[in-house]
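Structure below is protein.cif: mmCIF, C-alpha atoms and all ligand atoms.
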```
data_target
#
loop_
_atom_site.label_atom_id
_atom_site.label_comp_id
_atom_site.auth_asym_id
_atom_site.auth_seq_id
_atom_site.Cartn_x
_atom_site.Cartn_y
_atom_site.Cartn_z
CA MET K 1 -61.08 9.75 6.72
CA ASN K 2 -58.19 7.81 8.24
CA HIS K 3 -58.39 4.17 7.15
CA GLU K 4 -56.17 2.65 9.84
CA HIS K 5 -59.13 0.71 11.23
CA SER K 6 -60.93 0.03 7.93
CA GLY K 7 -61.07 -3.41 6.33
CA PHE K 8 -58.38 -4.62 3.93
CA ASN K 9 -60.27 -3.83 0.70
CA SER K 10 -61.15 -0.33 1.94
CA LYS K 11 -57.47 0.28 2.67
CA LEU K 12 -56.57 -0.94 -0.82
CA VAL K 13 -59.07 1.40 -2.47
CA HIS K 14 -58.74 4.51 -0.27
CA GLY K 15 -55.18 4.17 1.04
CA THR K 16 -54.37 6.62 3.79
CA GLY K 17 -57.44 8.68 2.91
CA ALA K 18 -55.31 11.77 2.23
CA LYS K 19 -57.11 14.27 -0.03
CA ASP K 20 -55.55 15.66 -3.17
CA PRO K 21 -55.47 19.50 -3.01
CA MET K 22 -57.16 19.77 -6.46
CA GLY K 23 -59.85 17.22 -5.58
CA SER K 24 -58.49 14.56 -7.91
CA VAL K 25 -60.03 11.25 -6.84
CA ILE K 26 -56.93 9.37 -7.96
CA THR K 27 -53.51 10.52 -6.76
CA PRO K 28 -52.04 12.24 -9.84
CA ILE K 29 -48.62 11.64 -11.35
CA TYR K 30 -46.31 14.38 -10.11
CA GLN K 31 -44.01 14.04 -13.10
CA THR K 32 -41.33 16.40 -11.88
CA SER K 33 -37.73 15.98 -10.84
CA THR K 34 -37.64 18.94 -8.46
CA PHE K 35 -39.93 21.09 -6.26
CA ALA K 36 -39.88 24.88 -5.81
CA PHE K 37 -39.29 26.19 -2.28
CA GLN K 38 -41.43 29.07 -0.94
CA ASN K 39 -38.26 30.96 -0.02
CA ALA K 40 -34.68 30.33 1.11
CA ASP K 41 -35.67 29.59 4.71
CA HIS K 42 -38.25 27.03 3.53
CA GLY K 43 -35.60 25.32 1.35
CA ALA K 44 -33.21 25.14 4.31
CA ALA K 45 -36.01 23.84 6.59
CA CYS K 46 -36.87 21.08 4.08
CA PHE K 47 -33.25 19.93 3.99
CA ALA K 48 -33.00 20.12 7.79
CA GLY K 49 -36.08 17.90 8.09
CA GLU K 50 -37.97 20.70 9.87
CA SER K 51 -40.59 20.98 7.11
CA ASP K 52 -42.20 18.06 5.31
CA GLY K 53 -42.17 19.86 1.95
CA TYR K 54 -40.85 18.01 -1.09
CA ILE K 55 -37.32 18.68 -2.35
CA TYR K 56 -36.31 16.41 -5.23
CA THR K 57 -37.92 13.23 -6.61
CA ARG K 58 -35.03 10.92 -5.69
CA ILE K 59 -35.65 11.99 -2.06
CA GLY K 60 -39.44 11.97 -2.18
CA ASN K 61 -42.44 12.65 -4.44
CA PRO K 62 -46.19 12.86 -3.63
CA THR K 63 -47.18 10.06 -6.06
CA ILE K 64 -44.54 7.75 -4.60
CA ARG K 65 -45.38 8.79 -1.01
CA ASP K 66 -49.03 7.80 -1.54
CA LEU K 67 -47.95 4.29 -2.55
CA GLU K 68 -45.37 4.07 0.25
CA LYS K 69 -47.86 5.09 2.93
CA THR K 70 -50.56 2.77 1.57
CA VAL K 71 -48.29 -0.31 1.52
CA ALA K 72 -47.06 0.59 5.04
CA LEU K 73 -50.71 0.66 6.16
CA LEU K 74 -51.32 -2.77 4.57
CA GLU K 75 -48.17 -4.22 6.15
CA LYS K 76 -49.01 -2.62 9.53
CA GLY K 77 -45.64 -0.91 9.61
CA TYR K 78 -44.22 2.52 10.40
CA ASP K 79 -43.62 3.75 6.83
CA GLY K 80 -42.63 2.60 3.35
CA ILE K 81 -39.68 3.21 1.03
CA GLY K 82 -40.37 2.82 -2.70
CA CYS K 83 -37.50 1.47 -4.81
CA SER K 84 -36.65 1.15 -8.49
CA SER K 85 -37.21 -2.64 -8.45
CA GLY K 86 -37.50 -5.55 -6.06
CA MET K 87 -33.73 -6.01 -6.38
CA GLY K 88 -33.34 -2.29 -5.63
CA ALA K 89 -35.22 -2.93 -2.37
CA VAL K 90 -33.17 -6.05 -1.53
CA THR K 91 -29.87 -4.28 -2.26
CA THR K 92 -30.87 -1.19 -0.26
CA VAL K 93 -31.57 -3.35 2.81
CA TYR K 94 -28.26 -5.20 2.35
CA MET K 95 -26.39 -1.89 2.00
CA ALA K 96 -28.02 -0.51 5.15
CA TYR K 97 -27.16 -3.49 7.38
CA LEU K 98 -24.06 -5.16 5.94
CA GLY K 99 -20.42 -4.11 5.73
CA SER K 100 -16.90 -5.44 5.93
CA GLY K 101 -16.67 -8.20 8.57
CA LYS K 102 -20.44 -8.53 8.93
CA HIS K 103 -22.39 -11.70 8.27
CA ILE K 104 -25.76 -12.37 6.62
CA LEU K 105 -27.71 -15.55 7.32
CA SER K 106 -30.34 -16.48 4.76
CA HIS K 107 -32.40 -19.19 3.12
CA ASN K 108 -30.72 -21.38 0.49
CA ALA K 109 -33.76 -21.05 -1.77
CA VAL K 110 -34.24 -17.28 -2.03
CA TYR K 111 -34.78 -15.56 -5.40
CA GLY K 112 -31.52 -16.28 -7.30
CA PRO K 113 -30.17 -12.69 -7.59
CA SER K 114 -30.87 -12.01 -3.86
CA ARG K 115 -28.22 -14.64 -3.11
CA ALA K 116 -26.00 -14.08 -6.18
CA ILE K 117 -25.40 -10.40 -5.30
CA ILE K 118 -24.16 -11.39 -1.82
CA GLU K 119 -21.86 -14.16 -3.04
CA GLY K 120 -20.71 -12.35 -6.18
CA THR K 121 -20.53 -8.68 -5.11
CA PHE K 122 -20.94 -8.06 -1.36
CA SER K 123 -18.30 -10.77 -0.74
CA LYS K 124 -15.81 -8.50 -2.56
CA PHE K 125 -16.38 -5.91 0.18
CA GLY K 126 -15.76 -8.38 3.01
CA VAL K 127 -19.35 -9.47 3.73
CA GLU K 128 -19.67 -13.05 4.97
CA SER K 129 -22.71 -15.20 4.30
CA THR K 130 -24.29 -18.52 5.22
CA TYR K 131 -27.19 -20.06 3.33
CA VAL K 132 -29.14 -22.77 5.15
CA ASP K 133 -32.57 -24.33 4.93
CA THR K 134 -34.42 -21.83 7.12
CA THR K 135 -37.51 -24.07 7.15
CA ASP K 136 -35.43 -25.97 9.77
CA LEU K 137 -35.06 -23.78 12.89
CA GLU K 138 -32.07 -25.80 14.13
CA GLN K 139 -30.08 -24.96 11.00
CA VAL K 140 -30.74 -21.26 11.64
CA ARG K 141 -29.71 -21.57 15.30
CA ALA K 142 -26.47 -23.34 14.36
CA ALA K 143 -25.53 -20.77 11.70
CA ILE K 144 -25.81 -17.61 13.85
CA ARG K 145 -22.40 -16.01 14.42
CA PRO K 146 -21.29 -13.18 16.73
CA ASN K 147 -21.00 -10.93 13.65
CA THR K 148 -24.42 -11.85 12.13
CA ALA K 149 -25.91 -8.47 11.22
CA LEU K 150 -29.02 -9.54 9.29
CA ILE K 151 -31.26 -12.58 8.95
CA TYR K 152 -32.92 -12.47 5.54
CA LEU K 153 -35.89 -14.73 4.89
CA GLU K 154 -38.20 -15.44 1.98
CA SER K 155 -41.36 -17.35 2.86
CA PRO K 156 -42.77 -19.04 0.88
CA ALA K 157 -39.42 -19.24 -0.86
CA ASN K 158 -38.75 -18.78 -4.56
CA PRO K 159 -38.89 -21.33 -6.15
CA THR K 160 -39.20 -24.24 -3.71
CA ILE K 161 -42.26 -22.86 -1.86
CA GLY K 162 -40.68 -23.87 1.48
CA ILE K 163 -42.26 -22.09 4.47
CA SER K 164 -40.08 -20.78 7.32
CA ASP K 165 -41.29 -20.34 10.88
CA ILE K 166 -41.01 -16.54 10.86
CA PRO K 167 -42.11 -16.02 14.53
CA ALA K 168 -39.69 -18.65 15.89
CA ILE K 169 -36.78 -17.32 13.81
CA CYS K 170 -37.53 -13.74 14.90
CA ARG K 171 -37.57 -14.75 18.59
CA LEU K 172 -34.21 -16.48 18.14
CA ALA K 173 -32.73 -13.56 16.18
CA HIS K 174 -33.87 -10.99 18.72
CA GLN K 175 -32.20 -12.93 21.55
CA HIS K 176 -28.98 -12.11 19.65
CA ASN K 177 -30.08 -8.54 18.71
CA ILE K 178 -30.14 -9.44 15.03
CA PRO K 179 -32.72 -7.70 12.80
CA VAL K 180 -34.88 -9.88 10.53
CA CYS K 181 -36.00 -8.91 7.04
CA VAL K 182 -38.68 -10.94 5.23
CA ASP K 183 -39.25 -10.86 1.48
CA ASN K 184 -43.06 -11.18 1.41
CA THR K 185 -43.39 -11.08 -2.39
CA PHE K 186 -45.06 -14.52 -2.76
CA CYS K 187 -47.80 -13.70 -0.23
CA SER K 188 -48.39 -9.95 -0.45
CA PRO K 189 -49.76 -8.20 2.68
CA TYR K 190 -53.17 -9.71 1.92
CA LEU K 191 -52.01 -13.20 2.93
CA GLN K 192 -49.19 -12.56 5.40
CA ASN K 193 -47.91 -9.69 7.58
CA PRO K 194 -44.32 -10.47 8.60
CA LEU K 195 -44.03 -7.39 10.87
CA GLU K 196 -46.93 -8.75 12.94
CA LEU K 197 -45.12 -12.12 13.03
CA GLY K 198 -42.07 -10.46 14.61
CA ALA K 199 -39.93 -9.26 11.67
CA ASP K 200 -38.29 -5.82 11.70
CA ILE K 201 -38.36 -5.18 7.95
CA VAL K 202 -40.56 -6.49 5.15
CA LEU K 203 -39.98 -6.00 1.44
CA HIS K 204 -41.72 -6.75 -1.84
CA SER K 205 -41.01 -6.92 -5.50
CA LEU K 206 -43.95 -4.68 -6.52
CA THR K 207 -43.52 -6.13 -10.00
CA LYS K 208 -45.49 -9.16 -8.80
CA PHE K 209 -48.81 -9.35 -6.92
CA LEU K 210 -48.96 -5.77 -5.62
CA ASN K 211 -49.01 -4.23 -9.08
CA GLY K 212 -50.35 -7.45 -10.57
CA HIS K 213 -50.52 -6.52 -14.25
CA ALA K 214 -47.02 -7.34 -15.54
CA ASP K 215 -46.47 -3.76 -16.73
CA ILE K 216 -44.01 -2.24 -14.25
CA VAL K 217 -40.88 -3.20 -12.31
CA GLY K 218 -40.73 -1.84 -8.75
CA GLY K 219 -39.91 -2.60 -5.13
CA ILE K 220 -40.82 -1.43 -1.64
CA ILE K 221 -39.52 -1.78 1.91
CA VAL K 222 -41.65 -1.28 5.06
CA THR K 223 -40.13 -1.08 8.54
CA LYS K 224 -41.62 -1.67 11.96
CA ASP K 225 -40.10 1.42 13.55
CA ALA K 226 -38.82 4.91 12.82
CA ALA K 227 -35.11 4.24 13.41
CA GLU K 228 -34.93 1.41 10.85
CA TYR K 229 -37.01 3.52 8.45
CA LYS K 230 -34.60 6.49 8.60
CA LYS K 231 -31.57 4.25 8.17
CA ILE K 232 -32.97 2.45 5.11
CA ARG K 233 -34.56 5.52 3.54
CA SER K 234 -31.30 7.48 3.62
CA MET K 235 -29.56 4.51 1.94
CA MET K 236 -32.21 4.38 -0.81
CA VAL K 237 -31.84 8.13 -1.42
CA ILE K 238 -28.04 8.14 -1.54
CA THR K 239 -27.78 5.07 -3.79
CA GLY K 240 -30.49 6.39 -6.16
CA CYS K 241 -32.59 3.25 -5.91
CA ASN K 242 -35.75 5.41 -5.99
CA MET K 243 -39.02 4.78 -7.80
CA ASP K 244 -40.29 6.83 -10.68
CA PRO K 245 -43.66 8.64 -10.24
CA HIS K 246 -45.26 6.98 -13.26
CA GLN K 247 -44.23 3.54 -12.00
CA ALA K 248 -45.71 4.43 -8.58
CA PHE K 249 -48.97 5.61 -10.18
CA LEU K 250 -49.47 2.36 -12.10
CA THR K 251 -48.62 0.31 -9.01
CA ARG K 252 -51.08 2.27 -6.89
CA ARG K 253 -53.76 1.58 -9.52
CA GLY K 254 -53.00 -2.14 -9.66
CA LEU K 255 -52.89 -2.38 -5.86
CA LYS K 256 -56.57 -1.43 -5.53
CA THR K 257 -57.64 -4.89 -6.77
CA LEU K 258 -55.00 -6.93 -4.91
CA ALA K 259 -57.43 -8.87 -2.74
CA ILE K 260 -59.94 -9.75 -5.46
CA ARG K 261 -57.10 -10.80 -7.78
CA ILE K 262 -55.51 -13.01 -5.14
CA ASP K 263 -58.84 -14.52 -4.08
CA ARG K 264 -59.47 -15.51 -7.67
CA ALA K 265 -55.90 -16.66 -8.44
CA GLN K 266 -55.62 -18.85 -5.36
CA GLU K 267 -59.02 -20.40 -6.02
CA ASN K 268 -57.67 -21.32 -9.47
CA ALA K 269 -54.34 -22.44 -7.98
CA MET K 270 -56.10 -24.86 -5.63
CA LYS K 271 -57.90 -26.48 -8.59
CA VAL K 272 -54.70 -26.62 -10.67
CA ALA K 273 -52.73 -28.09 -7.74
CA ARG K 274 -55.34 -30.82 -7.19
CA PHE K 275 -55.24 -31.63 -10.92
CA LEU K 276 -51.42 -31.84 -10.98
CA GLU K 277 -51.21 -33.82 -7.73
CA THR K 278 -53.18 -36.70 -9.16
CA HIS K 279 -51.76 -36.57 -12.71
CA PRO K 280 -49.81 -39.76 -13.51
CA LYS K 281 -46.92 -37.81 -15.10
CA VAL K 282 -46.35 -35.56 -12.06
CA ALA K 283 -43.71 -36.89 -9.63
CA TRP K 284 -44.19 -34.30 -6.86
CA ILE K 285 -45.81 -30.93 -6.19
CA MET K 286 -45.22 -28.19 -3.60
CA TYR K 287 -48.26 -26.00 -2.93
CA PRO K 288 -49.14 -24.61 0.53
CA GLY K 289 -52.84 -25.46 0.01
CA LEU K 290 -52.17 -29.21 -0.25
CA PRO K 291 -51.83 -31.27 2.96
CA SER K 292 -48.83 -32.97 1.27
CA HIS K 293 -46.80 -29.71 1.66
CA PRO K 294 -44.22 -30.42 4.41
CA GLN K 295 -45.08 -27.17 6.26
CA TYR K 296 -48.84 -27.32 5.59
CA GLU K 297 -49.83 -26.68 9.25
CA LEU K 298 -47.32 -23.86 9.67
CA GLY K 299 -48.49 -22.25 6.41
CA ASN K 300 -52.07 -22.30 7.67
CA LYS K 301 -50.94 -20.54 10.84
CA LEU K 302 -48.85 -17.83 9.17
CA MET K 303 -50.78 -17.24 5.95
CA LYS K 304 -54.43 -16.32 5.41
CA GLY K 305 -54.45 -18.39 2.20
CA PRO K 306 -52.14 -20.65 0.18
CA GLY K 307 -51.48 -18.10 -2.60
CA ALA K 308 -51.03 -18.72 -6.30
CA MET K 309 -47.45 -20.02 -6.53
CA MET K 310 -46.47 -23.67 -6.86
CA SER K 311 -43.58 -25.79 -8.07
CA PHE K 312 -43.63 -29.36 -9.32
CA GLY K 313 -41.48 -32.00 -10.98
CA LEU K 314 -42.44 -34.38 -13.74
CA LYS K 315 -41.53 -38.01 -14.05
CA GLY K 316 -38.75 -37.97 -16.65
CA GLY K 317 -37.15 -34.84 -15.10
CA LEU K 318 -35.90 -31.91 -17.15
CA GLU K 319 -36.66 -33.37 -20.58
CA SER K 320 -40.31 -33.86 -19.60
CA GLY K 321 -40.46 -30.36 -18.08
CA LYS K 322 -39.08 -28.82 -21.30
CA LYS K 323 -41.72 -30.63 -23.37
CA LEU K 324 -44.43 -29.30 -21.07
CA MET K 325 -43.12 -25.72 -21.28
CA ASP K 326 -42.74 -25.92 -25.08
CA HIS K 327 -46.33 -27.08 -25.56
CA VAL K 328 -48.39 -24.78 -23.32
CA GLN K 329 -50.63 -22.44 -25.29
CA LEU K 330 -52.63 -20.43 -22.74
CA CYS K 331 -49.99 -20.45 -19.98
CA VAL K 332 -47.15 -18.09 -20.93
CA LEU K 333 -43.56 -19.35 -20.84
CA ALA K 334 -42.00 -16.38 -19.04
CA VAL K 335 -40.30 -15.40 -15.80
CA SER K 336 -41.91 -13.09 -13.22
CA LEU K 337 -45.04 -14.01 -11.29
CA GLY K 338 -48.06 -12.65 -9.47
CA GLY K 339 -49.77 -11.18 -12.52
CA ILE K 340 -53.22 -11.77 -13.94
CA GLU K 341 -51.88 -14.25 -16.49
CA THR K 342 -50.61 -17.76 -15.72
CA LEU K 343 -46.82 -17.96 -16.15
CA ILE K 344 -44.64 -21.07 -16.29
CA GLN K 345 -40.83 -21.14 -16.10
CA HIS K 346 -37.79 -23.29 -15.33
CA PRO K 347 -35.82 -21.77 -12.38
CA ALA K 348 -32.60 -23.82 -12.82
CA SER K 349 -32.01 -22.43 -16.33
CA MET K 350 -33.84 -19.09 -15.92
CA THR K 351 -34.45 -17.14 -12.65
CA HIS K 352 -31.84 -19.05 -10.60
CA SER K 353 -29.32 -19.76 -13.39
CA LYS K 354 -26.64 -17.42 -11.92
CA LEU K 355 -26.30 -19.61 -8.81
CA SER K 356 -23.50 -22.18 -8.66
CA ALA K 357 -24.43 -25.85 -9.20
CA ALA K 358 -23.68 -26.46 -5.49
CA ALA K 359 -25.95 -23.58 -4.38
CA LYS K 360 -28.79 -24.86 -6.57
CA LYS K 361 -28.35 -28.38 -5.23
CA GLU K 362 -28.35 -27.38 -1.57
CA GLY K 363 -31.36 -25.09 -2.13
CA GLY K 364 -33.38 -27.89 -3.77
CA ILE K 365 -33.53 -25.99 -7.09
CA SER K 366 -33.36 -29.18 -9.10
CA ASP K 367 -33.26 -29.41 -12.90
CA GLU K 368 -36.69 -31.03 -12.85
CA LEU K 369 -38.40 -28.20 -10.91
CA VAL K 370 -40.99 -26.25 -12.94
CA ARG K 371 -42.59 -23.16 -11.37
CA LEU K 372 -46.14 -22.04 -12.02
CA SER K 373 -47.70 -18.68 -11.14
CA VAL K 374 -51.44 -19.18 -11.52
CA GLY K 375 -53.42 -16.27 -12.97
CA ILE K 376 -57.05 -15.22 -12.95
CA GLU K 377 -58.17 -16.91 -16.20
CA GLU K 378 -60.82 -19.66 -16.05
CA ALA K 379 -59.40 -22.55 -14.00
CA GLU K 380 -60.86 -25.01 -16.52
CA ASP K 381 -58.86 -23.36 -19.34
CA ILE K 382 -55.60 -23.44 -17.38
CA ILE K 383 -56.14 -27.11 -16.53
CA ALA K 384 -57.10 -27.99 -20.12
CA ASP K 385 -53.93 -26.30 -21.36
CA LEU K 386 -51.71 -28.16 -18.88
CA GLU K 387 -53.51 -31.39 -19.73
CA GLN K 388 -52.88 -31.09 -23.48
CA ALA K 389 -49.22 -30.08 -22.86
CA LEU K 390 -48.74 -33.00 -20.43
CA ALA K 391 -50.10 -35.34 -23.10
CA THR K 392 -47.03 -34.49 -25.25
CA VAL K 393 -44.65 -35.55 -22.44
N1 LIG O 1 -37.90 -11.13 -4.44
C1 LIG O 1 -38.57 -12.15 -4.99
C2 LIG O 1 -39.18 -13.18 -4.10
C3 LIG O 1 -38.70 -12.25 -6.37
O1 LIG O 1 -39.39 -13.27 -6.88
C4 LIG O 1 -38.09 -11.24 -7.18
C5 LIG O 1 -38.17 -11.31 -8.66
C6 LIG O 1 -37.39 -10.21 -6.56
C7 LIG O 1 -37.32 -10.17 -5.20
C8 LIG O 1 -36.75 -9.11 -7.38
O2 LIG O 1 -37.73 -8.27 -7.88
P1 LIG O 1 -37.57 -7.40 -9.24
O3 LIG O 1 -36.28 -6.67 -9.15
O4 LIG O 1 -37.58 -8.35 -10.37
O5 LIG O 1 -38.76 -6.50 -9.18
N2 LIG O 1 -38.55 -12.56 -9.15
C9 LIG O 1 -38.59 -12.94 -10.40
C10 LIG O 1 -38.94 -14.24 -10.79
O6 LIG O 1 -39.13 -15.19 -10.03
N3 LIG O 1 -38.99 -14.28 -12.09
O7 LIG O 1 -38.62 -13.09 -12.66
C11 LIG O 1 -38.34 -12.14 -11.62
#
```
Go ahead and express the file in the form of C-alpha cells.
Amino acid sequence: MNHEHSGFNSKLVHGTGAKDPMGSVITPIYQTSTFAFQNADHGAACFAGESDGYIYTRIGNPTIRDLEKTVALLEKGYDGIGCSSGMGAVTTVYMAYLGSGKHILSHNAVYGPSRAIIEGTFSKFGVESTYVDTTDLEQVRAAIRPNTALIYLESPANPTIGISDIPAICRLAHQHNIPVCVDNTFCSPYLQNPLELGADIVLHSLTKFLNGHADIVGGIIVTKDAAEYKKIRSMMVITGCNMDPHQAFLTRRGLKTLAIRIDRAQENAMKVARFLETHPKVAWIMYPGLPSHPQYELGNKLMKGPGAMMSFGLKGGLESGKKLMDHVQLCVLAVSLGGIETLIQHPASMTHSKLSAAAKKEGGISDELVRLSVGIEEAEDIIADLEQALATV
C-alpha cells in the first residue's frame, strides 16, 4: 500500500509501503559495499541511469533508500539524500550551491559549525557571507546581494530558539531567484514542514529527534523538486558524504516512534518551561510554547507544537549556569539534543565555542545562555532535579 495519503504515524511506521523481496517486515541491513550486475549491459544501464539497480553503497543502498524515501514522504518533498552526519548534509548543500564569488545569507544564531565552516573554510575558496538576525525580515531584505546564491535558515535556531518567518523570507528570496534551505532539526517533520512553507530544500541532523536515541550520527536532505535533488545527490556521492547502512537501519527504527516521543517530550517541556519561567533565580527563558517568546504567534502559525528545546539565563550569569550544570543528577550534562534523555549544555563554551566573540555576541549566544533538550522521563523528576540544582546556585 502507498502511504502518501495515510496519517503521520502510519507513514512513520510503514514508510513508503515498499515490500521487502524476502518478506522481512523490517527493511534489512544491506551490509555491502557493492552490488553485482546481471550482465555488462545491465552494469552500463545502471551507470547511465537507465536502470534503477544498485551500483555501490556510496551511490545508493536499499537500507539507506528506505530511510531517504520515508523522510521525503514525511517532509512532503521529492526525494531524500542520506548523509554521514548533519554537518555532512549542511556541507553538501553548501558545496552544491556556493562557489567563488557567490554569497550566502544566513541567521546569526545557526548551529556553530554551520557558520564556522563558511567563515573558516568556504571563505578560503572565495565564498562571501552575511549573518543577520533572520527573525527580522528587514535585515534579510537589506542583506540580499546580486550574487546571493543561497539563503540558509534554522528555525527555531540553535541555541537562541528564535523563529524566522519562513514563508515571508521564501517569497522575498524567490523574487530574486535565490533558493532557500531550512535546517528543520529542532522541529522534525512532525512539527514543521518547511517545503510546504515555501522552502526549496530542508535538512536534518538525524542524530537528534528523527533517530531520537542518541546512538547514531547522521544527516538527511530533502528537496522540493527533481532538479535540486539531482544536483545535491551528485554532490553527496562525489564528496563521499554518504550514510552507512547500519546507521540508516537504526535511524529508520528510531523514526517509527518520532511522533509519540515528541508528543511526550514537548508535554514535559511545557511543564519544565512553566517551572523555570516563575523560578526566582531564572532571569529569562526562550521557549516557543510560552507567550513571552517574542515570536510566539508566528511559532503557532508555522509549527504544530512548541517542541522540546529551550534556552534560559540565570540571574548571576555564567557562574550560576555552571553551578546548575555541575549539580544536575538526572539531566545529563552533554551536547546533542532531541533524544529520549534530558540534556543540558552551555553553547558559548561547547557547541558554539568555535565562533568568534563578535559572532557570538551578534547572534545572542551570551555566556549566560544554558540550553535544555527535554526528554521523555517523568516531568516531575526533571523538575525536581532542576529544582535541587538551582538550590545550589
Ligand atoms: N543542525 C543543527 C540544528 C544541529 O543542532 C546540529 C548538531 C547539526 C546541524 C549538525 O549535526 P551532526 O553533524 O552533529 O549530526 N547539533 C549539536 C548540538 O547542538 N549539540 O551537539 C551537536
(message) Which residues are near ligand LIG 1 (chain O) in this structure, taking near to mean any atom at most 8 Å from a ligand atom and counting all atoms listed in the file? Format them as a ChimeraX atom specification.
(response) /K:84-90,110-111,113-114,154,157-159,183-186,204-208,217-219,334-337,347,351
(message) Need to verify the contact set: segment 241-252 of chain K, 6 Å, only C-alpha atoms, exclusion of same-chain residues closer than 2 positions in sequence. Can you return it as a list in words?
(response)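 The residues satisfying every condition are Ile29, Arg58, Thr63, Ile64, Leu67, Gly82, Cys83, Ser84, Gly88, Asn211, Met236, Thr239, Gly254 and Leu255 of chain K.
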(request) In Å, rounded to a single decimal, give me how far atom CA of Glu362 of chain K is from atom CA of Glu128 of chain K. (result)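 Between atom CA of Glu128 of chain K and atom CA of Glu362 of chain K the gap is 18.0 Å.
The two atoms in question, atom CA of Ile340 of chain K and atom CA of Ala391 of chain K, are spaced 25.5 Å apart.
Taking only C-alpha atoms into account, Pro189 of chain K lies nearest to K:Lys76 out of the set K:Ala389, K:Phe312, K:Met325, K:Lys76.
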(message) Using Å and a single decimal, report how far atom CA of Gly99 of chain K sits from atom CA of Val132 of chain K.
(response)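 That distance, rounded to one decimal, is 20.6 Å.
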(request) Find, counting only C-alpha atoms, the residue in K:Val272, K:Lys360, K:Ala308, K:His279 that gets nearest to Ala379 of chain K. (result)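 When distances to Ala379 of chain K are compared using only C-alpha atoms, the smallest one comes from K:Val272.
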Centre and edges of the segment 46-59 of chain K box, axis-aligned, 4 Å extra per side, as lines of an AutoDock Vina configuration file:
```
center_x = -37.6
center_y = 16.0
center_z = 1.6
size_x = 17.2
size_y = 18.2
size_z = 24.5
```
(request) For Met270 of chain K, work out the shell of residues within 9 Å, counting only C-alpha atoms and skipping chain neighbours fewer than 2 positions away, then give it as a PyMOL selection string. (result) chain K and resi 265-268+272-275+287+289-290+306-308
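In terms of minimum interatomic distance to Pro194 of chain K, K:Met303 ranks closest within K:Arg371, K:Met303, K:Asp215, K:Val127, counting only C-alpha atoms.
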(message) Taking 4 positions as the minimum chain separation for residues in the same chain, which residues sit within 12 Å of Gln175 of chain K when counting only C-alpha atoms? Answer as a count of residues only.
(response) 9
Using all atoms listed in the file, find each residue in segment 60-110 of chain K having at least one atom no more than 12 Å away from segment 18-23 of chain K; report its shortest atom-to-atom pair and that distance in Å (one decimal), rows by chain then rising number, as a Markdown table.
```
| residue | atom | partner | partner_atom | distance |
| --- | --- | --- | --- | --- |
| K:Pro62 | CA | K:Asp20 | CA | 9.8 |
| K:Thr63 | CA | K:Asp20 | CA | 10.5 |
| K:Arg65 | CA | K:Ala18 | CA | 10.9 |
| K:Asp66 | CA | K:Ala18 | CA | 8.3 |
| K:Leu67 | CA | K:Ala18 | CA | 11.5 |
| K:Lys69 | CA | K:Ala18 | CA | 10.0 |
| K:Thr70 | CA | K:Ala18 | CA | 10.2 |
```
Write the selection just made, keeping C-alpha atoms, as a PDB file, in the frame of the given file?
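Contents of out.pdb, as written:
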```
ATOM      1  CA  PRO K  62     -46.190  12.860  -3.630  1.00  0.00           C
ATOM      2  CA  THR K  63     -47.180  10.060  -6.060  1.00  0.00           C
ATOM      3  CA  ARG K  65     -45.380   8.790  -1.010  1.00  0.00           C
ATOM      4  CA  ASP K  66     -49.030   7.800  -1.540  1.00  0.00           C
ATOM      5  CA  LEU K  67     -47.950   4.290  -2.550  1.00  0.00           C
ATOM      6  CA  LYS K  69     -47.860   5.090   2.930  1.00  0.00           C
ATOM      7  CA  THR K  70     -50.560   2.770   1.570  1.00  0.00           C
TER       8      THR K  70
END
```
Could you list, as an mmCIF file with C-alpha atoms, keeping the file's coordinate frame, every residue within 6 Å of Gly198 of chain K, counting all atoms listed in the file and ignoring same-chain residues fewer than 2 positions away?
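File out-v1.cif, as written:
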```
data_model
loop_
_atom_site.group_PDB
_atom_site.id
_atom_site.type_symbol
_atom_site.label_atom_id
_atom_site.label_comp_id
_atom_site.auth_asym_id
_atom_site.auth_seq_id
_atom_site.Cartn_x
_atom_site.Cartn_y
_atom_site.Cartn_z
ATOM 1 C CA PRO K 167 -42.110 -16.020 14.530
ATOM 2 C CA CYS K 170 -37.530 -13.740 14.900
ATOM 3 C CA LEU K 195 -44.030 -7.390 10.870
ATOM 4 C CA GLU K 196 -46.930 -8.750 12.940
#
```
(request) Go through K:Ala214, K:Ala348, K:Val182, K:Leu153 and flag the residue nearest Asp133 of chain K, using all atoms listed in the file for the distances. (result) K:Leu153
